[in-house]
Structure formats: structure tokens, C-alpha cells
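Peer 1: Got work_20.txt for you, compact mmCIF, C-alpha atoms and all ligand atoms:
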# COMPACT_ATOMS: atom_id res chain seq x y z
CA MET A 1 20.31 184.39 -14.62
CA ALA A 2 17.63 181.84 -13.93
CA ALA A 3 18.50 178.45 -15.40
CA ALA A 4 21.86 177.57 -13.88
CA THR A 5 21.84 178.44 -10.24
CA LEU A 6 25.35 178.11 -8.94
CA ALA A 7 25.71 178.58 -5.24
CA ARG A 8 29.08 180.02 -4.22
CA ARG A 9 30.51 180.31 -0.79
CA ILE A 10 34.02 181.39 0.08
CA GLY A 11 34.92 180.28 3.58
CA ARG A 12 37.70 181.58 5.79
CA SER A 13 39.87 178.89 4.25
CA GLY A 14 39.70 180.67 0.88
CA VAL A 15 37.70 177.82 -0.64
CA ALA A 16 34.54 178.34 -2.68
CA VAL A 17 31.94 175.63 -3.14
CA MET A 18 30.11 175.74 -6.43
CA LYS A 19 26.97 173.61 -6.68
CA PHE A 20 25.34 172.96 -10.04
CA LYS A 21 21.61 173.35 -9.74
CA SER A 22 19.84 173.29 -13.06
CA PRO A 23 17.10 170.64 -12.90
CA PRO A 24 16.37 168.10 -14.10
CA VAL A 25 19.92 166.96 -15.01
CA ASN A 26 22.35 169.95 -14.97
CA SER A 27 22.67 169.89 -18.73
CA LEU A 28 25.13 172.48 -20.00
CA SER A 29 22.97 174.97 -21.87
CA LEU A 30 24.31 178.24 -23.27
CA GLU A 31 22.89 180.03 -20.24
CA PHE A 32 24.41 177.53 -17.79
CA LEU A 33 27.83 177.67 -19.48
CA THR A 34 27.80 181.47 -19.53
CA GLU A 35 26.94 181.66 -15.86
CA PHE A 36 29.53 179.03 -14.98
CA SER A 37 32.28 180.93 -16.82
CA ILE A 38 31.32 184.24 -15.20
CA SER A 39 31.33 182.59 -11.76
CA LEU A 40 34.78 181.12 -12.41
CA GLU A 41 36.07 184.48 -13.61
CA LYS A 42 34.78 186.21 -10.47
CA LEU A 43 36.40 183.62 -8.21
CA GLU A 44 39.64 183.79 -10.19
CA ASN A 45 39.76 187.57 -9.70
CA ASN A 46 38.96 187.34 -5.99
CA ARG A 47 42.24 187.31 -4.09
CA ALA A 48 40.51 185.73 -1.10
CA CYS A 49 39.69 182.65 -3.16
CA ARG A 50 42.42 180.02 -3.63
CA GLY A 51 40.38 176.96 -4.43
CA VAL A 52 37.00 175.76 -5.65
CA ILE A 53 35.11 172.54 -5.04
CA ILE A 54 32.64 171.76 -7.81
CA THR A 55 29.69 169.51 -7.08
CA SER A 56 25.98 169.12 -7.81
CA ALA A 57 22.97 170.15 -5.76
CA LEU A 58 20.85 167.55 -7.58
CA PRO A 59 20.56 163.94 -6.45
CA LYS A 60 22.22 161.29 -8.64
CA ILE A 61 23.45 163.65 -11.39
CA PHE A 62 26.69 165.66 -11.47
CA SER A 63 26.00 166.93 -15.01
CA SER A 64 24.40 165.26 -18.04
CA GLY A 65 26.84 167.02 -20.36
CA LEU A 66 26.18 169.49 -23.13
CA ASP A 67 22.54 170.34 -23.57
CA ILE A 68 21.70 168.35 -26.69
CA THR A 69 18.79 170.66 -27.56
CA GLU A 70 21.36 173.45 -28.09
CA MET A 71 22.83 171.35 -30.93
CA CYS A 72 19.54 170.41 -32.62
CA GLY A 73 17.81 172.46 -35.33
CA LYS A 74 19.38 175.81 -34.40
CA SER A 75 20.92 178.56 -36.55
CA ILE A 76 24.61 178.90 -37.45
CA GLU A 77 24.73 181.98 -35.19
CA HIS A 78 23.40 179.95 -32.29
CA TYR A 79 25.86 177.09 -32.84
CA THR A 80 28.68 179.66 -32.97
CA GLU A 81 27.65 181.28 -29.70
CA PHE A 82 27.05 177.95 -28.00
CA TRP A 83 30.38 176.43 -29.03
CA ARG A 84 32.30 179.57 -28.04
CA ALA A 85 30.67 179.27 -24.60
CA VAL A 86 31.76 175.61 -24.31
CA GLN A 87 35.32 176.58 -25.26
CA GLU A 88 35.31 179.52 -22.83
CA MET A 89 34.16 177.35 -19.94
CA TRP A 90 36.94 174.82 -20.58
CA LEU A 91 39.67 177.46 -21.09
CA ARG A 92 38.72 179.05 -17.76
CA LEU A 93 38.43 175.82 -15.78
CA TYR A 94 41.38 173.89 -17.23
CA GLY A 95 43.52 177.04 -17.11
CA SER A 96 42.45 178.12 -13.64
CA ASN A 97 45.11 179.23 -11.17
CA MET A 98 42.90 178.03 -8.33
CA VAL A 99 43.00 174.50 -6.95
CA THR A 100 39.98 172.79 -8.47
CA VAL A 101 38.43 169.67 -6.94
CA ALA A 102 35.46 167.85 -8.49
CA ALA A 103 33.21 166.15 -5.94
CA VAL A 104 31.33 163.93 -8.38
CA ASN A 105 28.12 162.98 -6.63
CA GLY A 106 26.29 161.46 -9.57
CA SER A 107 26.52 160.45 -13.21
CA SER A 108 28.72 162.54 -15.41
CA PRO A 109 28.63 161.77 -19.13
CA ALA A 110 30.47 163.69 -21.91
CA GLY A 111 30.59 167.43 -21.12
CA GLY A 112 29.97 166.59 -17.45
CA CYS A 113 33.00 164.31 -17.53
CA LEU A 114 35.01 167.09 -19.22
CA ILE A 115 34.30 169.37 -16.27
CA ALA A 116 35.53 166.72 -13.82
CA LEU A 117 38.59 165.94 -16.00
CA SER A 118 39.48 169.64 -16.10
CA CYS A 119 39.81 169.82 -12.32
CA ASP A 120 43.04 169.07 -10.45
CA TYR A 121 41.51 166.19 -8.49
CA ARG A 122 38.38 164.05 -8.79
CA ILE A 123 36.58 162.34 -5.94
CA MET A 124 33.52 160.28 -6.81
CA ALA A 125 30.74 158.77 -4.73
CA GLU A 126 31.33 155.01 -4.64
CA ASN A 127 27.95 154.14 -6.12
CA PRO A 128 28.24 151.67 -9.04
CA LYS A 129 25.04 153.15 -10.50
CA PHE A 130 26.89 156.42 -11.15
CA SER A 131 28.94 156.45 -14.32
CA ILE A 132 31.39 158.81 -15.98
CA GLY A 133 33.08 159.00 -19.36
CA LEU A 134 33.25 160.66 -22.75
CA ASN A 135 30.39 158.78 -24.45
CA GLU A 136 30.11 161.03 -27.54
CA ALA A 137 30.61 158.08 -29.92
CA GLN A 138 27.40 156.54 -28.57
CA LEU A 139 25.53 159.63 -29.78
CA GLY A 140 27.12 159.36 -33.23
CA ILE A 141 29.27 162.43 -32.57
CA VAL A 142 32.98 162.87 -31.95
CA ALA A 143 34.68 164.29 -28.88
CA PRO A 144 36.61 167.40 -30.01
CA PHE A 145 40.44 167.26 -29.86
CA TRP A 146 40.61 169.27 -26.64
CA PHE A 147 38.15 166.95 -24.85
CA LYS A 148 40.42 164.10 -26.03
CA ASP A 149 43.62 165.90 -24.96
CA THR A 150 42.19 166.54 -21.48
CA PHE A 151 41.20 162.87 -21.19
CA VAL A 152 44.61 161.63 -22.36
CA ASN A 153 46.33 163.88 -19.81
CA VAL A 154 44.39 162.15 -17.04
CA VAL A 155 44.28 158.46 -18.04
CA GLY A 156 46.97 158.09 -20.73
CA HIS A 157 46.71 157.34 -24.42
CA ARG A 158 45.70 153.67 -24.49
CA ILE A 159 42.87 153.91 -21.97
CA ALA A 160 41.61 157.12 -23.59
CA GLU A 161 41.72 155.60 -27.09
CA ARG A 162 39.68 152.52 -26.13
CA SER A 163 37.25 154.45 -23.98
CA LEU A 164 36.67 157.17 -26.61
CA GLN A 165 36.21 154.75 -29.53
CA LEU A 166 33.67 152.74 -27.54
CA GLY A 167 32.02 155.84 -26.05
CA SER A 168 32.27 154.10 -22.68
CA LEU A 169 30.50 155.27 -19.58
CA HIS A 170 32.42 153.72 -16.72
CA PRO A 171 30.67 152.81 -13.46
CA ALA A 172 32.41 154.51 -10.51
CA PRO A 173 34.54 151.48 -9.44
CA GLU A 174 35.80 150.98 -13.00
CA ALA A 175 36.45 154.72 -13.43
CA HIS A 176 38.61 154.55 -10.31
CA LYS A 177 40.51 151.52 -11.58
CA LEU A 178 41.25 153.35 -14.86
CA GLY A 179 42.45 156.47 -13.06
CA LEU A 180 39.60 158.52 -14.46
CA VAL A 181 38.72 159.47 -10.89
CA ASP A 182 41.34 159.68 -8.14
CA GLU A 183 39.30 158.39 -5.22
CA LEU A 184 35.99 156.82 -4.33
CA VAL A 185 34.28 157.60 -1.04
CA PRO A 186 30.85 156.94 0.44
CA GLU A 187 28.51 159.67 -0.80
CA GLU A 188 27.96 161.15 2.67
CA LYS A 189 31.73 161.63 3.04
CA LEU A 190 32.26 163.31 -0.34
CA MET A 191 32.36 166.95 0.74
CA GLU A 192 34.40 166.20 3.85
CA LYS A 193 36.97 164.38 1.72
CA ALA A 194 36.97 167.16 -0.90
CA ALA A 195 37.71 169.71 1.83
CA ALA A 196 40.56 167.55 3.16
CA VAL A 197 42.11 167.16 -0.30
CA MET A 198 41.74 170.89 -0.88
CA ALA A 199 43.54 171.66 2.41
CA GLN A 200 46.39 169.35 1.37
CA TRP A 201 46.80 171.10 -2.01
CA LEU A 202 46.49 174.58 -0.46
CA ALA A 203 49.24 173.81 2.04
CA LEU A 204 51.76 174.45 -0.76
CA PRO A 205 52.84 177.94 -1.82
CA ASP A 206 50.44 179.13 -4.54
CA HIS A 207 53.13 180.38 -6.93
CA ALA A 208 54.97 177.04 -7.10
CA ARG A 209 51.78 175.04 -7.55
CA GLN A 210 50.38 177.47 -10.14
CA LEU A 211 53.56 177.55 -12.24
CA THR A 212 53.70 173.76 -12.17
CA LYS A 213 50.06 173.51 -13.24
CA THR A 214 50.67 175.94 -16.10
CA MET A 215 53.71 173.95 -17.20
CA MET A 216 51.64 170.73 -17.30
CA ARG A 217 48.59 172.17 -19.07
CA LYS A 218 49.87 175.01 -21.29
CA ALA A 219 50.46 173.03 -24.50
CA VAL A 220 46.92 171.67 -24.52
CA LEU A 221 45.37 175.06 -23.69
CA ASP A 222 47.48 176.84 -26.31
CA ARG A 223 46.37 174.37 -28.95
CA LEU A 224 42.72 175.38 -28.59
CA VAL A 225 43.56 179.09 -28.29
CA ALA A 226 45.51 178.85 -31.57
CA HIS A 227 42.72 176.96 -33.35
CA ARG A 228 39.65 178.41 -31.71
CA GLU A 229 37.92 179.79 -34.81
CA GLU A 230 38.76 176.67 -36.83
CA ASP A 231 37.31 174.53 -34.02
CA ILE A 232 34.07 176.54 -34.13
CA LYS A 233 33.88 176.08 -37.91
CA ASN A 234 34.46 172.33 -37.53
CA PHE A 235 31.75 172.09 -34.90
CA ILE A 236 29.26 173.96 -37.08
CA SER A 237 29.99 171.97 -40.19
CA PHE A 238 29.78 168.69 -38.21
CA VAL A 239 26.63 169.48 -36.29
CA SER A 240 24.87 170.96 -39.33
CA LYS A 241 25.05 167.66 -41.25
CA GLU A 242 21.63 166.07 -41.60
CA SER A 243 23.07 162.67 -40.58
CA ILE A 244 24.37 164.16 -37.29
CA GLN A 245 21.09 165.97 -36.64
CA LYS A 246 19.30 162.65 -37.17
CA SER A 247 21.60 160.86 -34.69
CA LEU A 248 21.04 163.56 -32.06
CA ARG A 249 17.26 163.49 -32.53
CA MET A 250 17.23 159.70 -32.25
CA TYR A 251 19.32 159.87 -29.08
CA MET A 252 16.91 162.38 -27.51
CA GLU A 253 13.98 160.15 -28.47
CA MET A 254 15.75 157.17 -26.91
CA LEU A 255 16.18 159.14 -23.66
CA LYS A 256 12.49 160.00 -23.61
CA LYS A 257 11.39 156.41 -24.47
CA LYS A 258 13.59 155.01 -21.70
CA LYS A 259 11.26 156.75 -19.23
CA SER A 260 7.99 155.27 -20.50
C1 LIG B 301 35.54 165.80 -36.35
C2 LIG B 301 35.08 167.15 -35.92
C3 LIG B 301 34.50 167.10 -34.53
C4 LIG B 301 33.98 168.43 -34.14
C5 LIG B 301 33.18 168.35 -32.88
C6 LIG B 301 31.79 168.13 -33.17
C7 LIG B 301 30.87 167.70 -32.34
C8 LIG B 301 31.06 167.36 -30.92
C9 LIG B 301 30.06 168.05 -30.14
C10 LIG B 301 29.83 167.95 -28.88
C11 LIG B 301 30.40 167.05 -27.88
C12 LIG B 301 29.28 166.62 -26.98
C13 LIG B 301 29.33 166.60 -25.71
C14 LIG B 301 28.16 166.28 -24.87
O1 LIG B 301 28.19 166.52 -23.69
S1 LIG B 301 26.75 165.60 -25.59
C15 LIG B 301 25.69 165.17 -24.23
C16 LIG B 301 25.95 163.77 -23.77
N1 LIG B 301 25.10 163.43 -22.67
C17 LIG B 301 24.52 162.26 -22.51
O2 LIG B 301 24.67 161.35 -23.31
C18 LIG B 301 23.64 162.08 -21.30
C19 LIG B 301 22.23 161.84 -21.68
N2 LIG B 301 21.40 161.71 -20.50
C20 LIG B 301 21.33 160.59 -19.74
O3 LIG B 301 21.99 159.61 -19.96
C21 LIG B 301 20.38 160.63 -18.60
O4 LIG B 301 19.49 161.68 -18.81
C22 LIG B 301 21.07 160.82 -17.23
C23 LIG B 301 21.99 162.02 -17.21
C24 LIG B 301 21.84 159.54 -16.85
C25 LIG B 301 19.94 161.06 -16.17
O5 LIG B 301 19.01 160.00 -16.21
P1 LIG B 301 17.58 160.19 -15.51
O6 LIG B 301 16.85 158.91 -15.71
O7 LIG B 301 17.77 160.70 -14.13
O8 LIG B 301 16.89 161.39 -16.31
P2 LIG B 301 16.23 161.36 -17.76
O9 LIG B 301 17.02 160.53 -18.69
O10 LIG B 301 14.79 160.99 -17.61
O11 LIG B 301 16.36 162.88 -18.19
C26 LIG B 301 15.52 163.90 -17.66
C27 LIG B 301 15.23 164.90 -18.78
O12 LIG B 301 16.46 165.53 -19.16
C28 LIG B 301 16.67 165.36 -20.58
N3 LIG B 301 18.13 165.28 -20.81
C29 LIG B 301 18.98 164.40 -20.28
N4 LIG B 301 20.23 164.65 -20.68
C30 LIG B 301 20.16 165.71 -21.50
C31 LIG B 301 21.13 166.45 -22.24
N5 LIG B 301 22.45 166.16 -22.21
N6 LIG B 301 20.72 167.48 -22.98
C32 LIG B 301 19.39 167.83 -23.03
N7 LIG B 301 18.43 167.16 -22.35
C33 LIG B 301 18.82 166.13 -21.59
C34 LIG B 301 15.93 164.07 -20.90
O13 LIG B 301 15.64 163.99 -22.26
C35 LIG B 301 14.69 164.23 -20.04
O14 LIG B 301 13.83 165.14 -20.69
P3 LIG B 301 12.24 164.99 -20.58
O15 LIG B 301 11.70 166.13 -21.38
O16 LIG B 301 11.90 163.64 -21.17
O17 LIG B 301 11.92 165.07 -19.13
For this file, produce the structure as C-alpha cells.
Peer 2:
Amino acid sequence: MAAATLARRIGRSGVAVMKFKSPPVNSLSLEFLTEFSISLEKLENNRACRGVIITSALPKIFSSGLDITEMCGKSIEHYTEFWRAVQEMWLRLYGSNMVTVAAVNGSSPAGGCLIALSCDYRIMAENPKFSIGLNEAQLGIVAPFWFKDTFVNVVGHRIAERSLQLGSLHPAPEAHKLGLVDELVPEEKLMEKAAAVMAQWLALPDHARQLTKTMMRKAVLDRLVAHREEDIKNFISFVSKESIQKSLRMYMEMLKKKKS
């Protein structure tokens, strides 16, 4: 696959490093999501792999979230396939038996934030220009219930409610204060710190850690599994509305204008 190049390396420590590399901004296209899920599945099935560090190969951007062009002016069949791929990615990552560490080395709005939130631990570069959050409301769209559930499980109900309603993108220091990321480190120390955190988590017996993780996350995962088809229908009916299409088009135009 060409668009989403994901470098993987499993060291002697049993840790893979996955680097998002889909210029210009690592947006989560159908192709990217499919490749990401396949990569996760391969690592999950590889007994030599016990943990994965997820980061970006691009400067300043971890991931710009779902590829908005995938949600604009496409067919029902396309929306169905795209949304199933988003669900699949989250089910694999949030439900992974591996230790997952996000080394967030750039901005991470919406779907990018979901990826970080789905990991076991988040370390972010301490650059106040980098921001993270579920900003869907700013686009005139609504974060699905499982994005919200994942967010609540990390920061708690009150912080999630305020942040989601306002569609806030939190600069790194604020994200740390809110508990949205666990640690801030200078950018050049990010991978070193991620490896140290990984070693700490891998020092425990896998079975105890895995069963505990399942216990903590199962209810939220089961909720999407039980309502998967309904969630796809909701997405399609929401995104097919002309008012939502208009909001998405205006947002894309705003992004382009910002440059000129
Ligand atoms: C009640 C029932 C509910 C049911 C559920 C229904 C609906 C919910 C559906 C979905 C949830 C949505 C989740 C999402 O993830 S939406 C995506 C949100 N992402 C963003 O808001 C980020 C937008 N991008 C930026 O802010 C910036 O681009 C950046 C990431 C900060 C990088 O800035 P920089 O200045 O470095 O780059 P540019 O802005 O110049 O961008 C370069 C280039 O990329 C294009 N682009 C950026 N982001 C996206 C994107 N997410 N998708 C597609 N394209 C993107 C940008 O337009 C530029 O393109 P150009 O052609 O001009 O070069």
C-alpha cells in the first residue's frame, strides 16, 4: 500500500515502533486506516512482540485526524466502508493485548487524539504549539459515543464534557494539566522516554497486565461491538445531511484559506 507508510521494527526487547508517514499531515484515509489495522493485527499475532510505540515520522504533526475528504461527497457504500475501517482501527488498538505507548510528537486533533487516547500511556513533546483534543464540534460534527467513552475513561466525565462541547484543542501544557497526556518531555527525549515507559510496563507478567486491561476496557469495547451496524447507519445518516456536508466543505475551505 502506498499512502500510509508505517515503519515497523521489533527489537530484541519485543517492542515495535510504528511511525505514521503519510504526508502532508497523516490524515486517516481509508487506505491509511486499513494499513494501520493490518499492521496492528500482524503485531498482535507475533508472539515476539509485546509492545508498540506509536509516533509520527512527519515534523510537527502526529495525525490530523480522519481524512475529511473521505466524508465529503462520497457514496453510501464508501461511507460504510470508511466508517467500518475507523471502527476496526479503534477496536484493534483499544482492545490490544500489547502495551501501547503514544509518543505524540506533534498536533493531534480528533481522530489523531483518539489514537493517542486508545493507547495505555501518552507522552507528548512539550511544545505549546502542539495541541491535542477531540475538536469535532468545531467542524459542526459530533464525536461518536465510543470516541467520547474513550475520552471519559482517560480524563473523567467533567473534563470530557466541557472539552467535547467546546471542541477544544488543548496546547500540550494544558493537555498535561487535564490528564489528557500523562507526561511532557522535550521533543528530542520523546522516544527515549517512550522506551523507558515501555520497559516499566513490560516488567510485569503479560497475563496479569492483559487481564487487567481487558477488565478496564471491556464494557466500552463491547458497547461498540454490540451496536456496530447501528453506529454505521448513524454515521451515514449524519454525514449525508446537506447541512453537515456544508460544514465540512466550509472547514476544508478555511484550512486552505489559512495558508494563503
Ligand atoms: C449523533 C450521531 C453522531 C454520529 C457520528 C457522526 C459523525 C462523526 C464523524 C467523524 C468524527 C471526526 C473525526 C475527525 O477526525 S475529523 C478531522 C478533524 N481534524 C482537524 O480538524 C484537523 C484539521 N487540520 C489542521 O488543523 C491542520 O491541517 C494541522 C493538522 C494543524 C496541520 O497544519 P499545517 O499548517 O501544518 O497544514 P495545513 O493546514 O496547511 O494542511 C496541509 C494539507 O492537508 C489538508 N488537511 C489537513 N487536515 C486534513 C484532514 N483531517 N483531512 C483531509 N485533509 C486535511 C489541508 O487542507 C491541506 O491541504 P492542501 O490541499 O491545502 O495542501
Peer 1: So which residues fall inside 10 Å of (29.1, 174.7, -30.4) if we count only C-alpha atoms? Mind giving them as a VMD selection string?
Peer 2: chain A and resid 30 66 70 to 71 76 to 87 231 to 236 238 to 239
Peer 1: Since we have the selection now, will you write its residues out, keeping C-alpha atoms, as a PDB file, in the frame of the given file?
Peer 2:
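Written output follows (out17.pdb):
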ATOM      1  CA  LEU A  30      24.310 178.240 -23.270  1.00  0.00           C
ATOM      2  CA  LEU A  66      26.180 169.490 -23.130  1.00  0.00           C
ATOM      3  CA  GLU A  70      21.360 173.450 -28.090  1.00  0.00           C
ATOM      4  CA  MET A  71      22.830 171.350 -30.930  1.00  0.00           C
ATOM      5  CA  ILE A  76      24.610 178.900 -37.450  1.00  0.00           C
ATOM      6  CA  GLU A  77      24.730 181.980 -35.190  1.00  0.00           C
ATOM      7  CA  HIS A  78      23.400 179.950 -32.290  1.00  0.00           C
ATOM      8  CA  TYR A  79      25.860 177.090 -32.840  1.00  0.00           C
ATOM      9  CA  THR A  80      28.680 179.660 -32.970  1.00  0.00           C
ATOM     10  CA  GLU A  81      27.650 181.280 -29.700  1.00  0.00           C
ATOM     11  CA  PHE A  82      27.050 177.950 -28.000  1.00  0.00           C
ATOM     12  CA  TRP A  83      30.380 176.430 -29.030  1.00  0.00           C
ATOM     13  CA  ARG A  84      32.300 179.570 -28.040  1.00  0.00           C
ATOM     14  CA  ALA A  85      30.670 179.270 -24.600  1.00  0.00           C
ATOM     15  CA  VAL A  86      31.760 175.610 -24.310  1.00  0.00           C
ATOM     16  CA  GLN A  87      35.320 176.580 -25.260  1.00  0.00           C
ATOM     17  CA  ASP A 231      37.310 174.530 -34.020  1.00  0.00           C
ATOM     18  CA  ILE A 232      34.070 176.540 -34.130  1.00  0.00           C
ATOM     19  CA  LYS A 233      33.880 176.080 -37.910  1.00  0.00           C
ATOM     20  CA  ASN A 234      34.460 172.330 -37.530  1.00  0.00           C
ATOM     21  CA  PHE A 235      31.750 172.090 -34.900  1.00  0.00           C
ATOM     22  CA  ILE A 236      29.260 173.960 -37.080  1.00  0.00           C
ATOM     23  CA  PHE A 238      29.780 168.690 -38.210  1.00  0.00           C
ATOM     24  CA  VAL A 239      26.630 169.480 -36.290  1.00  0.00           C
TER      25      VAL A 239
END
Peer 1: Box along x, y and z, 5 Å on every side, all listed atoms of ligand LIG 301 (chain B) inside: centre and edge lengths in Å to one decimal, as JSON.
Peer 2:
{"center_x": 23.6, "center_y": 163.7, "center_z": -25.2, "size_x": 33.8, "size_y": 19.5, "size_z": 32.2}
Peer 1: Segment 211-214 of chain A: which residues within 10 Å, counting only C-alpha atoms, same-chain residues fewer than 6 positions away excluded, as a list in words?
Peer 2: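 The filter keeps Tyr94, Gly95, Ser96, Asn97, Met98, Val99, Asp120 and Leu221 of chain A.
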Peer 1: Using only C-alpha atoms, find the one residue out of A:Lys257, A:Arg92, A:Ala160, A:Asp67 that sits nearest to Glu31 of chain A.
Peer 2: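 Result for the nearest residue to Glu31 of chain A: A:Asp67.
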Peer 1: Rank A:Val142, A:Val152, A:Leu248, A:Val52 by their smallest atom-to-atom distance to Gly111 of chain A, using all atoms listed in the file, and report the top residue only.
Peer 2: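 Ranked by minimum distance to Gly111 of chain A, first place goes to A:Val142.
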Peer 1: Pro171 of chain A: which residues within 8 Å, counting only C-alpha atoms, same-chain residues fewer than 2 positions away excluded, as a VMD selection string?
Peer 2: chain A and resid 127 to 132 169 173 to 175
Peer 1: Do you have the atom CA of Val155 of chain A-atom CA of Gln138 of chain A distance handy?
Peer 2: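 Separating atom CA of Val155 of chain A from atom CA of Gln138 of chain A is a distance of 20.0 Å.
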Peer 1: Would you mind telling me which residue in A:Ile68, A:Arg9, A:Ile54, A:Ser247 lies nearest to Ser29 of chain A when using all atoms listed in the file?
Peer 2: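 Of A:Ile68, A:Arg9, A:Ile54, A:Ser247, the one nearest Ser29 of chain A is A:Ile68, counting all atoms listed in the file.
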Peer 1: To one decimal place, how far is atom CA of Val17 of chain A from atom O12 of ligand LIG 301 (chain B) in Å?
Peer 2: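 Interatomic distance here is 24.5 Å.
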Peer 1: Which residue gives the smallest distance to ligand LIG 301 (chain B) among A:Ala219, A:Met252, A:Leu202, A:Cys119, with only C-alpha atoms and all ligand atoms counted?
Peer 2: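 Comparing A:Ala219, A:Met252, A:Leu202, A:Cys119 against ligand LIG 301 (chain B), the winner is A:Met252.
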Peer 1: Which is closest to Gly133 of chain A among A:Arg12, A:Lys60, A:Lys148, A:His170, if we use only C-alpha atoms?
Peer 2: A:His170
Peer 1: Taking all atoms listed in the file into account, which of A:Ser22, A:Asn105, A:Ser63, A:Thr69 comes nearest Ala194 of chain A?
Peer 2: A:Asn105
